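Source file: work_34.txt; contents: compact mmCIF, C-alpha atoms.
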```txt
# COMPACT_ATOMS: atom_id res chain seq x y z
CA MET A 1 -29.39 -20.28 19.91
CA PHE A 2 -26.60 -17.74 19.60
CA ARG A 3 -26.39 -18.28 15.85
CA THR A 4 -30.02 -17.37 15.17
CA PRO A 5 -29.45 -13.58 14.95
CA GLN A 6 -26.48 -14.20 12.64
CA ARG A 7 -28.59 -16.37 10.35
CA VAL A 8 -31.41 -13.84 10.32
CA LEU A 9 -28.96 -11.05 9.46
CA THR A 10 -27.23 -13.01 6.69
CA GLY A 11 -30.59 -14.17 5.31
CA GLY A 12 -31.87 -10.59 5.26
CA LEU A 13 -28.73 -9.38 3.49
CA ALA A 14 -29.05 -12.19 0.94
CA LEU A 15 -32.63 -11.18 0.18
CA LEU A 16 -31.60 -7.54 -0.06
CA PHE A 17 -28.89 -8.31 -2.60
CA LEU A 18 -31.03 -10.77 -4.55
CA PHE A 19 -34.01 -8.43 -4.85
CA PRO A 20 -32.64 -6.32 -7.78
CA LEU A 21 -31.83 -9.45 -9.78
CA VAL A 22 -35.23 -11.02 -9.11
CA TRP A 23 -36.95 -7.75 -9.99
CA ALA A 24 -34.98 -7.45 -13.24
CA SER A 25 -35.78 -11.07 -14.15
CA LEU A 26 -39.50 -10.56 -13.61
CA ALA A 27 -39.50 -7.21 -15.43
CA SER A 28 -37.79 -8.76 -18.44
CA VAL A 29 -40.69 -11.17 -19.05
CA SER A 30 -43.66 -9.15 -17.74
CA PRO A 31 -45.98 -7.09 -19.97
CA GLN A 32 -44.98 -3.42 -20.20
CA ALA A 33 -46.13 -0.61 -22.46
CA GLY A 34 -43.54 0.55 -24.97
CA THR A 35 -41.69 -2.78 -25.06
CA ALA A 36 -41.81 -5.86 -27.24
CA GLN A 37 -43.75 -7.66 -24.49
CA THR A 38 -47.00 -5.71 -24.20
CA ASP A 39 -49.47 -8.60 -23.88
CA GLY A 40 -48.99 -11.31 -21.29
CA TRP A 41 -45.77 -12.81 -19.98
CA GLY A 42 -43.18 -13.99 -22.49
CA LEU A 43 -39.75 -13.61 -24.05
CA GLY A 44 -40.46 -10.72 -26.42
CA ASN A 45 -37.84 -8.51 -24.78
CA TYR A 46 -35.21 -11.22 -25.21
CA GLU A 47 -36.12 -11.44 -28.90
CA THR A 48 -35.55 -7.69 -29.20
CA LEU A 49 -32.19 -8.10 -27.49
CA ALA A 50 -31.24 -11.04 -29.71
CA ASP A 51 -32.00 -9.15 -32.93
CA TYR A 52 -30.37 -5.83 -32.00
CA GLN A 53 -27.90 -4.73 -34.74
CA ALA A 54 -25.14 -7.38 -34.97
CA GLY A 55 -27.09 -9.71 -32.67
CA ILE A 56 -26.63 -10.74 -29.09
CA GLY A 57 -24.50 -13.69 -30.19
CA GLN A 58 -21.84 -11.36 -31.58
CA TYR A 59 -21.85 -9.16 -28.48
CA LEU A 60 -21.67 -12.18 -26.18
CA LEU A 61 -18.75 -13.49 -28.22
CA ASN A 62 -16.97 -10.15 -27.93
CA SER A 63 -17.46 -10.02 -24.17
CA THR A 64 -16.37 -13.65 -23.80
CA LEU A 65 -13.19 -13.15 -25.85
CA VAL A 66 -12.25 -10.00 -23.94
CA SER A 67 -12.94 -11.62 -20.57
CA VAL A 68 -11.05 -14.84 -21.36
CA MET A 69 -8.02 -12.95 -22.71
CA THR A 70 -8.02 -10.65 -19.69
CA VAL A 71 -8.13 -13.63 -17.32
CA LEU A 72 -5.29 -15.43 -19.15
CA PHE A 73 -3.08 -12.33 -19.33
CA THR A 74 -3.75 -11.45 -15.69
CA LEU A 75 -3.10 -14.96 -14.39
CA THR A 76 0.13 -15.33 -16.36
CA VAL A 77 1.68 -12.02 -15.35
CA SER A 78 0.48 -12.02 -11.74
CA LEU A 79 1.58 -15.64 -11.24
CA LEU A 80 5.13 -14.87 -12.35
CA GLY A 81 5.18 -11.52 -10.55
CA GLY A 82 3.82 -12.89 -7.29
CA TYR A 83 6.28 -15.80 -7.47
CA ALA A 84 9.21 -13.43 -7.95
CA PHE A 85 8.15 -11.07 -5.16
CA ALA A 86 7.49 -13.89 -2.71
CA MET A 87 10.30 -16.35 -3.42
CA PHE A 88 13.28 -14.27 -4.52
CA THR A 89 15.29 -11.53 -2.84
CA PHE A 90 16.66 -8.83 -5.13
CA PRO A 91 17.61 -5.15 -4.75
CA GLY A 92 14.58 -2.87 -4.73
CA ARG A 93 12.06 -5.69 -4.39
CA ASP A 94 9.89 -4.04 -1.75
CA ALA A 95 10.10 -0.62 -3.43
CA LEU A 96 9.03 -2.12 -6.76
CA PHE A 97 6.16 -3.92 -5.06
CA LEU A 98 4.99 -0.68 -3.43
CA VAL A 99 5.14 1.08 -6.80
CA THR A 100 2.99 -1.70 -8.26
CA LEU A 101 0.42 -1.28 -5.49
CA ALA A 102 0.51 2.50 -5.87
CA ILE A 103 -1.14 2.12 -9.27
CA LEU A 104 -4.33 1.33 -7.34
CA MET A 105 -4.42 4.95 -6.16
CA VAL A 106 -4.55 6.33 -9.70
CA PRO A 107 -8.12 6.74 -11.05
CA TYR A 108 -8.09 4.48 -14.06
CA ALA A 109 -10.33 6.83 -16.08
CA THR A 110 -7.49 9.36 -16.12
CA LEU A 111 -5.27 6.84 -17.93
CA LEU A 112 -7.65 6.01 -20.75
CA ILE A 113 -6.75 8.88 -23.09
CA PRO A 114 -2.95 8.25 -22.88
CA LEU A 115 -3.64 4.55 -23.35
CA TYR A 116 -5.86 5.33 -26.33
CA VAL A 117 -2.97 7.24 -27.96
CA LEU A 118 -0.51 4.45 -27.12
CA LEU A 119 -2.75 1.72 -28.53
CA ASN A 120 -3.30 3.78 -31.65
CA GLU A 121 0.48 3.95 -32.18
CA LEU A 122 0.74 0.19 -31.70
CA GLY A 123 -2.16 -0.55 -34.05
CA LEU A 124 -4.23 -2.05 -31.22
CA GLN A 125 -6.81 0.69 -30.85
CA ASN A 126 -10.36 -0.49 -31.63
CA SER A 127 -9.33 -4.11 -31.11
CA LEU A 128 -10.39 -6.70 -28.57
CA VAL A 129 -6.76 -7.61 -27.87
CA GLY A 130 -5.90 -4.00 -27.04
CA LEU A 131 -8.96 -3.74 -24.80
CA SER A 132 -7.92 -6.93 -23.00
CA LEU A 133 -4.40 -5.61 -22.43
CA VAL A 134 -5.73 -2.39 -20.90
CA LEU A 135 -8.13 -4.28 -18.62
CA THR A 136 -5.26 -6.58 -17.61
CA MET A 137 -3.15 -3.58 -16.64
CA PHE A 138 -5.89 -2.35 -14.31
CA GLN A 139 -6.12 -5.79 -12.66
CA LEU A 140 -2.41 -6.43 -12.16
CA PRO A 141 -1.78 -4.51 -8.88
CA PHE A 142 -4.45 -6.41 -6.95
CA ALA A 143 -3.67 -9.68 -8.74
CA THR A 144 0.06 -9.43 -8.00
CA PHE A 145 -0.69 -8.64 -4.36
CA MET A 146 -2.99 -11.65 -4.08
CA MET A 147 -0.48 -13.99 -5.69
CA ARG A 148 2.38 -12.76 -3.51
CA ILE A 149 0.51 -13.43 -0.26
CA SER A 150 -0.66 -16.77 -1.68
CA PHE A 151 2.91 -17.84 -2.37
CA GLU A 152 4.07 -16.55 1.01
CA SER A 153 1.46 -18.71 2.75
CA VAL A 154 3.05 -21.84 1.25
CA PRO A 155 5.61 -23.49 3.59
CA LYS A 156 9.15 -22.69 2.49
CA GLU A 157 10.11 -26.36 2.81
CA LEU A 158 7.88 -27.27 -0.15
CA PRO A 159 9.77 -25.42 -2.91
CA GLU A 160 13.11 -26.00 -1.18
CA SER A 161 12.62 -29.78 -1.19
CA ALA A 162 11.66 -29.62 -4.88
CA LEU A 163 14.86 -27.71 -5.68
CA VAL A 164 16.94 -30.21 -3.68
CA ASP A 165 15.37 -33.04 -5.68
CA GLY A 166 16.57 -31.45 -8.91
CA CYS A 167 13.61 -29.31 -10.01
CA GLY A 168 14.45 -25.97 -11.55
CA SER A 169 12.65 -22.82 -10.45
CA LEU A 170 10.18 -23.00 -13.33
CA ARG A 171 9.38 -26.70 -12.80
CA ALA A 172 8.96 -26.12 -9.06
CA LEU A 173 6.56 -23.29 -9.84
CA LEU A 174 4.45 -25.26 -12.35
CA TYR A 175 4.30 -28.65 -10.65
CA ILE A 176 4.66 -27.87 -6.93
CA LEU A 177 3.60 -24.30 -6.18
CA VAL A 178 0.78 -23.74 -8.67
CA PRO A 179 -1.40 -26.52 -7.15
CA ALA A 180 -0.67 -25.08 -3.70
CA VAL A 181 -1.85 -21.58 -4.64
CA LYS A 182 -4.86 -22.68 -6.71
CA PRO A 183 -7.39 -20.81 -4.50
CA GLY A 184 -5.46 -17.59 -5.03
CA LEU A 185 -5.36 -18.16 -8.77
CA ILE A 186 -9.11 -18.77 -8.86
CA THR A 187 -9.74 -15.60 -6.85
CA VAL A 188 -7.58 -13.54 -9.19
CA GLY A 189 -9.16 -15.09 -12.26
CA LEU A 190 -12.69 -14.53 -10.97
CA PHE A 191 -11.99 -10.88 -10.18
CA ALA A 192 -10.42 -10.37 -13.62
CA PHE A 193 -13.39 -12.00 -15.35
CA LEU A 194 -15.97 -9.94 -13.47
CA ALA A 195 -14.09 -6.71 -14.12
CA ALA A 196 -13.68 -7.42 -17.84
CA TRP A 197 -17.22 -8.74 -18.33
CA ASN A 198 -18.90 -5.75 -16.66
CA ASP A 199 -16.55 -2.92 -17.65
CA PHE A 200 -18.25 -0.06 -19.46
CA ILE A 201 -15.96 2.97 -19.57
CA THR A 202 -12.87 1.31 -21.06
CA PRO A 203 -14.56 -0.15 -24.18
CA LEU A 204 -16.57 3.07 -24.49
CA VAL A 205 -13.30 4.95 -25.04
CA LEU A 206 -11.27 2.32 -26.89
CA ILE A 207 -13.83 0.61 -29.15
CA SER A 208 -15.45 2.50 -32.01
CA ASP A 209 -16.61 -0.35 -34.28
CA SER A 210 -20.20 -1.29 -33.41
CA GLU A 211 -19.59 -4.96 -34.27
CA LYS A 212 -16.76 -5.15 -31.69
CA LEU A 213 -18.78 -3.78 -28.79
CA PRO A 214 -18.99 -5.92 -25.65
CA LEU A 215 -22.43 -6.69 -24.28
CA PRO A 216 -22.62 -3.89 -21.63
CA LEU A 217 -22.14 -1.22 -24.32
CA ALA A 218 -24.59 -2.92 -26.67
CA VAL A 219 -27.25 -3.01 -23.93
CA ALA A 220 -26.64 0.66 -23.13
CA ASN A 221 -26.98 1.62 -26.81
CA MET A 222 -30.15 -0.42 -27.17
CA ARG A 223 -31.92 1.44 -24.34
CA GLN A 224 -32.84 4.40 -26.53
CA GLN A 225 -35.77 4.01 -28.89
CA VAL A 226 -37.48 6.57 -31.09
CA MET A 227 -38.21 9.98 -29.47
CA GLY A 228 -35.88 9.18 -26.58
CA ILE A 229 -38.19 6.56 -25.04
CA VAL A 230 -36.29 4.00 -22.96
CA ASP A 231 -37.03 0.35 -23.69
CA PHE A 232 -36.99 -0.87 -20.10
CA GLY A 233 -38.02 -4.40 -21.02
CA ALA A 234 -35.09 -4.99 -23.36
CA THR A 235 -32.77 -3.28 -20.89
CA GLU A 236 -33.84 -5.62 -18.10
CA ALA A 237 -33.36 -8.59 -20.43
CA GLY A 238 -29.83 -7.37 -21.10
CA VAL A 239 -29.18 -7.03 -17.36
CA VAL A 240 -30.28 -10.63 -16.79
CA VAL A 241 -28.07 -11.92 -19.61
CA LEU A 242 -25.12 -9.93 -18.25
CA ALA A 243 -25.61 -11.18 -14.70
CA PHE A 244 -26.16 -14.86 -15.49
CA PRO A 245 -22.52 -15.91 -16.28
CA CYS A 246 -21.23 -13.99 -13.26
CA ILE A 247 -23.67 -15.72 -10.90
CA VAL A 248 -22.94 -19.18 -12.32
CA LEU A 249 -19.17 -18.71 -12.08
CA PHE A 250 -19.35 -17.39 -8.55
CA LEU A 251 -21.56 -20.26 -7.38
CA ILE A 252 -19.22 -22.83 -8.95
CA LEU A 253 -16.01 -21.25 -7.62
CA GLN A 254 -17.17 -19.75 -4.31
CA ARG A 255 -15.43 -22.37 -2.17
CA HIS A 256 -12.05 -21.69 -3.80
CA TYR A 257 -12.78 -17.94 -3.80
CA VAL A 258 -13.28 -17.89 -0.02
CA ARG A 259 -10.18 -20.04 0.53
CA GLY A 260 -8.13 -17.65 -1.58
CA PHE A 261 -9.13 -14.68 0.54
CA MET A 262 -8.70 -16.63 3.76
CA SER A 263 -5.13 -17.56 2.87
CA GLY A 264 -4.32 -13.88 2.47
CA ALA A 265 -6.13 -12.98 5.71
CA LEU A 266 -4.29 -15.66 7.67
CA LYS A 267 -1.00 -14.48 6.23
CA GLY A 268 -1.79 -10.88 7.18
```
How would this structure read if it were set down as structure tokens?
Amino acid sequence: MFRTPQRVLTGGLALLFLFPLVWASLASVSPQAGTAQTDGWGLGNYETLADYQAGIGQYLLNSTLVSVMTVLFTLTVSLLGGYAFAMFTFPGRDALFLVTLAILMVPYATLLIPLYVLLNELGLQNSLVGLSLVLTMFQLPFATFMMRISFESVPKELPESALVDGCGSLRALLYILVPAVKPGLITVGLFAFLAAWNDFITPLVLISDSEKLPLPLAVANMRQQVMGIVDFGATEAGVVVLAFPCIVLFLILQRHYVRGFMSGALKG
């Protein structure tokens, strides 16, 4: 009886958050004036999206490559950084960790122009690798924080017993600790993927080649038709395509995602 109001509230919030996606899905296949789908329900707007400039396949590939590289870079660096901050004591450890977290207070848009100049000097400007490195940098403070509290939630006896049995620090990390902090890794990876997949400003500044654009930029460019008329049908189709991988990943990984946040909450 006492859980009924909670269920009503959570159900109402779910409907509220689902409404924009349902509306976009219906709008992408419904007949609208000024779109490719003017007569009856169909997939005309998706055909417009598929045939835009280099094609949706190329833009999806660009977004996928950037997102996968960002996830791999973020997981690798944050795993090692969180392991070091949690398991080792060295001079200046806490100060260095605070400096890492302080990056979160810097508006990332203010860093894009210096990073643009730096990437240009390194020959990585207008490249998917350079874009992935920049997106990784923006993810590292939160990712390192998550991995540190994930490692700190693991009982100290677990790595100590592995070291007593002859495992080195790296072997103990890979074979003992990584399985123990898997929820934290999944949380970090999911956040990195969502940030890289949906980011708009960073590729807008760093990518100038139209064939290297990720999907969010391609959808934004496709909105404008002749005489400044917005193609809402194709735009909604692009929104649905953008949202679909994020929803699928979240539904598959939600159990681990919640466990990752709970481990940090219990530690706090």
Review point. Which protein, DNA or RNA residues have an atom at most 12 Å from (4.9, -24.9, -9.2), counting all atoms listed in the file? List them as number ranges by chain.
Key: A: 79-80, 83, 87, 151, 154, 158-160, 162-163, 167-182
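Counting only C-alpha atoms, A:Asn221 has the following residues at most 12 Å away, ignoring those fewer than 6 positions along the same chain: Leu49, Tyr52, Gln53, Phe200, Leu204, Ser210, Leu213, Pro214, Leu215, Gly228, Val230, Asp231, Ala234, Thr235 and Gly238 of chain A.
A straight line drawn from atom CA of A:Thr187 to atom CA of A:Ile252 is 12.1 Å long.
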For stretch 73-80 of chain A, I'd like the enclosing box, axis-aligned and padded by 4 Å on every side, reported as AutoDock Vina command-line options with centre and edge lengths in Å to one decimal.
```
--center_x 0.7 --center_y -13.5 --center_z -15.3 --size_x 16.9 --size_y 12.2 --size_z 16.1
```
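Note that atom CA of A:Arg255 and atom CA of A:Gly82 are 22.1 Å apart.
Between atom CA of A:Gln254 and atom CA of A:Leu104 lies a distance of 24.9 Å.
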Cut-off 12 Å: closest stretch 144-248 of chain A/stretch 11-23 of chain A atom pairs per residue, using all atoms listed in the file, as CSV:
```
residue,atom,partner,partner_atom,distance
A:Gly233,CA,A:Trp23,CA,11.6
A:Glu236,CA,A:Trp23,CA,8.9
A:Ala237,CA,A:Leu21,CA,10.8
A:Gly238,CA,A:Leu21,CA,11.7
A:Val239,CA,A:Leu21,CA,8.4
A:Val240,CA,A:Leu21,CA,7.3
A:Val241,CA,A:Leu21,CA,10.8
A:Leu242,CA,A:Leu21,CA,10.8
A:Ala243,CA,A:Leu21,CA,8.1
A:Phe244,CA,A:Leu21,CA,9.7
A:Ile247,CA,A:Leu21,CA,10.4
```
Export C-alpha atoms of the chosen residues as a PDB file, keeping the file's coordinate frame?
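Result written to part.pdb:
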```
ATOM      1  CA  GLY A 233     -38.020  -4.400 -21.020  1.00  0.00           C
ATOM      2  CA  GLU A 236     -33.840  -5.620 -18.100  1.00  0.00           C
ATOM      3  CA  ALA A 237     -33.360  -8.590 -20.430  1.00  0.00           C
ATOM      4  CA  GLY A 238     -29.830  -7.370 -21.100  1.00  0.00           C
ATOM      5  CA  VAL A 239     -29.180  -7.030 -17.360  1.00  0.00           C
ATOM      6  CA  VAL A 240     -30.280 -10.630 -16.790  1.00  0.00           C
ATOM      7  CA  VAL A 241     -28.070 -11.920 -19.610  1.00  0.00           C
ATOM      8  CA  LEU A 242     -25.120  -9.930 -18.250  1.00  0.00           C
ATOM      9  CA  ALA A 243     -25.610 -11.180 -14.700  1.00  0.00           C
ATOM     10  CA  PHE A 244     -26.160 -14.860 -15.490  1.00  0.00           C
ATOM     11  CA  ILE A 247     -23.670 -15.720 -10.900  1.00  0.00           C
TER      12      ILE A 247
END
```
Study note, to complete from the structure: The residue from A:Ala196, A:Val188, A:Leu115, A:Ala109 with the smallest atom-to-atom distance to A:Leu135, counting all atoms listed in the file, is A:Ala196
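Minimum atom-to-atom distances from A:Val29, A:Met222, A:Leu253, A:Leu111 to A:Val205 were compared using only C-alpha atoms, and the lowest value belongs to A:Leu111.
For the residues A:Phe145, A:Tyr108, A:Tyr59, A:Phe88, ranking by smallest atom-to-atom distance to A:Leu217 using only C-alpha atoms places A:Tyr59 first.
The closest residue to A:Phe142, picked from A:Leu185, A:Phe232, A:Thr38, A:Ala95 and counting all atoms listed in the file, is A:Leu185.
Ranking A:Leu60, A:Leu194, A:Met146, A:Val219 by their shortest atom-to-atom distance to A:Cys246, with all atoms listed in the file included, puts A:Leu194 first.
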Revision key, fill the gap. One residue among A:Pro114, A:Gly81, A:Gly44, A:Pro141 is nearest to A:Arg93 when using all atoms listed in the file, and that residue is A:Gly81
